[in-house]
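Colleague: Here you go, one structure.
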Amino acid sequence: MYFSAGLATDKGTVKEINQDSMMLKVAMSKEFGRIAFGLVCDGCGGLSYGEIASASYVRRMEDWFYNELPGILSNEDDTRRLDVAYEIRHDPIELIKGNWTYISTEMNERLYEYGRQKHTNVGTTVCMLIILGNEYLAMNIGDSRIYRYSDGEVSCITHDHSYVQKQLDEGSISEKEALDSPMKSVLLQCVGAVSKVDPYFSRGTIDSDETFVLCCDGFWRKTSKSDFAKIMTLSDQDTEEKIEGALKDHIEWLKQDGENDNISAILVRARDAI
């Protein structure tokens with residue numbers, strides 16, 4: 001796979017600091033060729049030290065990317081006997097899923113304890129994506145989202161951990177009511193602010209030309225599917241600067257439309273050839 005990617009963030013029109021943290025990595029691996037990894041963390045609005053929580057999670061995942069992922073890709077920890085046939089093949093996606101679950105639990109406990117010592121609440125949402133070969137794995141905790149553009153359609157491949165999403169799942173409110181709900185910012189899960197986290201995972205294959213956008217709620221809340229499609233349908237010649245320019249232009253539009261939260265997004269386009 002070849003990747004075009006970029007990211008953009010803004011503190012918004014009201015908050016004094018930007019509580020969002022992001023990371024985007026595109027690297028070459030011997031086993032899978034080019035791989036892409038990105039995550040967006042949104043320090044929970046209304047909770048103190050949100051910027052510490054989001055930055056801490058990103059730093060932990062940066063360490064994972066450089067020091068733990070290579071071993072997963074090379075299968076260097078496989079201790080099965082070489083003279084025995086095994087039906088179960090090496091599945092790095094499943095191993096990564098286990099890693100991410102463990103790290104999320106670890107960070108939840110670490111940030112929860114930090115908040116207890118500081119006599120405050122510390123929390124962050126998380127959404128992250130990795131692309132290996134023709135497969136992807138997506139994860140989220142909270143209400144940061146990942147959107148996918150494939151075959152002319154935009155879809156959300158994550159699932160919010162929020163009170164409003166719970167109402168939608170139960171059928172007690174409509175999509176329109178959800179947008180206007182005074183409870184739309186109430187989270188049921190976020191790393192560091194709950195006793196236990198249960199990440200949502202999505203796994204799938206990708207075709208020859210697909211685009212993903214990872215974003216916080218400040219980005220997706222006022223962005224329609226047609227807006228996403230416009231941002232995500234970029235030409236093959238688009239550079240990192242042009243991708244980031246498109247994201248920044250949309251962020252400015254969101255601010256003019258009344259969005260006052262921190263606003264962050266990463267765009268990754270995957271294709272078979274340049």
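If you're wondering about the labels, chains in the structure tokens are A, B, ... by order shown, residues count from 1 in each chain, ligands from 1 in order shown.
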Determine, for each residue of region 117-159 of chain A having at least one atom at most 10 Å from an atom of region 22-35 of chain A, the closest pair of atoms and their separation in Å to one decimal, counting only C-alpha atoms; order by chain and ascending number, as CSV.
Modeller:
residue,atom,partner,partner_atom,distance
A:Val126,CA,A:Met22,CA,9.7
A:Cys127,CA,A:Met22,CA,9.8
A:Met128,CA,A:Met23,CA,9.3
A:Leu129,CA,A:Leu24,CA,9.7
A:Ile130,CA,A:Ile35,CA,7.4
A:Ile131,CA,A:Ile35,CA,5.6
A:Leu132,CA,A:Ile35,CA,5.3
A:Gly133,CA,A:Phe32,CA,5.4
A:Asn134,CA,A:Phe32,CA,9.2
A:Tyr136,CA,A:Ile35,CA,9.9
Colleague: List as an NGL selection string the protein and nucleic acid residues near Asp10 (chain A), meaning an atom at most 7 Å away when only C-alpha atoms are counted, but skip any in the same chain fewer than 2 places from it.
Modeller: :A and (12 or 18 or 262-264)
Colleague: Keeping only N, CA and C atoms, take the residues you just selected and write them out as a CSV table (one decimal), in the first residue's frame.
Modeller:
chain,number,residue,atom,x,y,z
A,12,GLY,N,-9.7,26.0,18.9
A,12,GLY,CA,-11.0,26.5,18.9
A,12,GLY,C,-11.1,28.0,19.3
A,18,ASN,N,-5.3,23.7,24.0
A,18,ASN,CA,-5.8,22.6,23.2
A,18,ASN,C,-5.5,21.3,23.9
A,262,ASN,N,-12.1,22.2,21.0
A,262,ASN,CA,-10.9,21.9,20.3
A,262,ASN,C,-11.3,21.1,19.0
A,263,ILE,N,-10.5,21.2,17.9
A,263,ILE,CA,-10.9,20.5,16.7
A,263,ILE,C,-9.6,19.9,16.1
A,264,SER,N,-9.7,18.6,15.9
A,264,SER,CA,-8.5,17.8,15.4
A,264,SER,C,-8.9,16.7,14.5
Colleague: So which one's closest to Thr9 (chain A), A:Leu234, A:Val191, A:Val40, A:Gly152? Using only C-alpha atoms, please.
Modeller: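 With only C-alpha atoms as the atom set, the closest residue is A:Val40.
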Colleague: Write out as a list in words which residues come within 9 Å of Ser56 (chain A) when counting only C-alpha atoms, dropping same-chain ones fewer than 3 positions away.
Modeller: Ser21, Glu51, Ile52, Ala53, Arg59, Arg60, Met61, Met107 and Leu111 of chain A
Colleague: Please write the residues from the selection above to a file, keeping N, CA and C atoms, as a PDB file, in the first residue's frame.
Modeller:
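To be explicit, this is the file written out as selection.pdb:
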ATOM      1  N   SER A  21      -4.521  15.640  21.482  1.00  0.00           N
ATOM      2  CA  SER A  21      -3.188  15.180  21.102  1.00  0.00           C
ATOM      3  C   SER A  21      -3.342  14.189  19.961  1.00  0.00           C
ATOM      4  N   GLU A  51      -5.407  17.730  28.955  1.00  0.00           N
ATOM      5  CA  GLU A  51      -4.271  17.754  28.044  1.00  0.00           C
ATOM      6  C   GLU A  51      -3.170  16.786  28.490  1.00  0.00           C
ATOM      7  N   ILE A  52      -3.052  16.573  29.809  1.00  0.00           N
ATOM      8  CA  ILE A  52      -2.079  15.615  30.324  1.00  0.00           C
ATOM      9  C   ILE A  52      -2.499  14.197  29.962  1.00  0.00           C
ATOM     10  N   ALA A  53      -3.791  13.918  30.088  1.00  0.00           N
ATOM     11  CA  ALA A  53      -4.297  12.587  29.774  1.00  0.00           C
ATOM     12  C   ALA A  53      -4.098  12.242  28.304  1.00  0.00           C
ATOM     13  N   ARG A  59       1.955   9.415  24.018  1.00  0.00           N
ATOM     14  CA  ARG A  59       3.348   9.033  24.280  1.00  0.00           C
ATOM     15  C   ARG A  59       3.468   7.521  24.481  1.00  0.00           C
ATOM     16  N   ARG A  60       2.485   6.941  25.161  1.00  0.00           N
ATOM     17  CA  ARG A  60       2.512   5.484  25.372  1.00  0.00           C
ATOM     18  C   ARG A  60       2.398   4.745  24.048  1.00  0.00           C
ATOM     19  N   MET A  61       1.557   5.245  23.142  1.00  0.00           N
ATOM     20  CA  MET A  61       1.383   4.571  21.856  1.00  0.00           C
ATOM     21  C   MET A  61       2.585   4.803  20.941  1.00  0.00           C
ATOM     22  N   MET A 107      -3.308   2.374  30.874  1.00  0.00           N
ATOM     23  CA  MET A 107      -3.376   3.830  30.914  1.00  0.00           C
ATOM     24  C   MET A 107      -4.577   4.309  31.729  1.00  0.00           C
ATOM     25  N   LEU A 111      -3.846   6.814  34.760  1.00  0.00           N
ATOM     26  CA  LEU A 111      -4.437   8.150  34.795  1.00  0.00           C
ATOM     27  C   LEU A 111      -5.451   8.286  35.935  1.00  0.00           C
TER      28      LEU A 111
END
Colleague: Please, which residues of region 55-259 of chain A, numbered as in this document, come out strand (DSSP E or B) from DSSP, as a CSV table (one decimal) with C-alpha atoms, in the first residue's frame?
Modeller:
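Saved to result_26.csv:
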chain,number,residue,atom,x,y,z
A,124,THR,CA,-9.2,11.3,27.4
A,125,THR,CA,-11.1,9.8,24.5
A,126,VAL,CA,-9.1,7.7,22.0
A,127,CYS,CA,-9.6,6.6,18.4
A,128,MET,CA,-6.8,4.9,16.5
A,129,LEU,CA,-6.2,3.0,13.3
A,130,ILE,CA,-3.5,0.8,11.8
A,131,ILE,CA,-3.3,-0.4,8.2
A,132,LEU,CA,-1.2,-3.5,7.5
A,135,GLU,CA,-6.3,-5.0,6.4
A,136,TYR,CA,-7.1,-2.3,9.0
A,137,LEU,CA,-7.9,-2.3,12.7
A,138,ALA,CA,-9.7,0.6,14.3
A,139,MET,CA,-10.4,1.2,18.0
A,140,ASN,CA,-12.2,3.8,20.0
A,141,ILE,CA,-13.0,4.7,23.6
A,145,ARG,CA,-14.5,8.7,15.7
A,146,ILE,CA,-13.1,7.2,12.5
A,147,TYR,CA,-14.8,7.6,9.2
A,148,ARG,CA,-14.2,5.5,6.1
A,149,TYR,CA,-14.7,6.5,2.4
A,150,SER,CA,-15.1,3.4,0.2
A,153,GLU,CA,-19.9,5.9,0.5
A,154,VAL,CA,-18.9,7.5,3.8
A,155,SER,CA,-19.4,5.3,7.0
A,156,CYS,CA,-18.4,5.6,10.6
A,162,SER,CA,-21.8,8.2,25.1
A,187,LEU,CA,-19.5,10.1,28.1
A,191,VAL,CA,-9.6,6.6,29.6
A,200,TYR,CA,-14.7,-0.9,20.6
A,201,PHE,CA,-12.9,-2.6,17.7
A,202,SER,CA,-13.6,-2.7,14.0
A,203,ARG,CA,-11.5,-4.9,11.6
A,204,GLY,CA,-11.8,-5.2,7.8
A,205,THR,CA,-10.1,-5.4,4.5
A,209,ASP,CA,-8.3,3.2,-3.0
A,210,GLU,CA,-9.8,4.1,0.3
A,211,THR,CA,-9.6,7.0,2.7
A,212,PHE,CA,-10.0,7.3,6.5
A,213,VAL,CA,-10.5,10.3,8.8
A,214,LEU,CA,-9.8,10.1,12.5
A,215,CYS,CA,-11.3,13.0,14.5
Colleague: So how far away is CA of Glu259 (chain A) from CA of Asn108 (chain A), in Å?
Modeller: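 A separation of 28.6 Å between them.
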Colleague: If we count only C-alpha atoms, what is near Glu240 (chain A) at a cut-off of 7 Å, once residues fewer than 4 positions away on the same chain are taken out, given as a ChimeraX atom specification?
Modeller: /A:4-6,244
Colleague: For Cys44 (chain A), list every protein, DNA or RNA residue within 10 Å, evaluated using only C-alpha atoms, and leave out those in the same chain fewer than 5 positions away; present the list as a list in words.
Modeller: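 Listing them by chain and then by number gives Gln19, Asp20, Tyr49, Gly50, Glu51, Ala53, Ser54, Asn121, Val122, Gly123, Thr124, Thr125, Gly142, Asp143, Ser185, Val186, Leu187, Cys190, Val191, Gly192 and Ala193 of chain A.
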Colleague: In Å, rounded to a single decimal, give me how far CA of His159 (chain A) is from CA of Glu106 (chain A).
Modeller: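 Separation between CA of Glu106 (chain A) and CA of His159 (chain A): 21.5 Å.
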Colleague: Extract the full set of helix (DSSP H, G or I) residues from region 114-266 of chain A according to DSSP on the backbone, and format it as a PyMOL selection string.
Modeller: chain A and resi 114-118+163-170+175-180+217-220+225-232+240-256
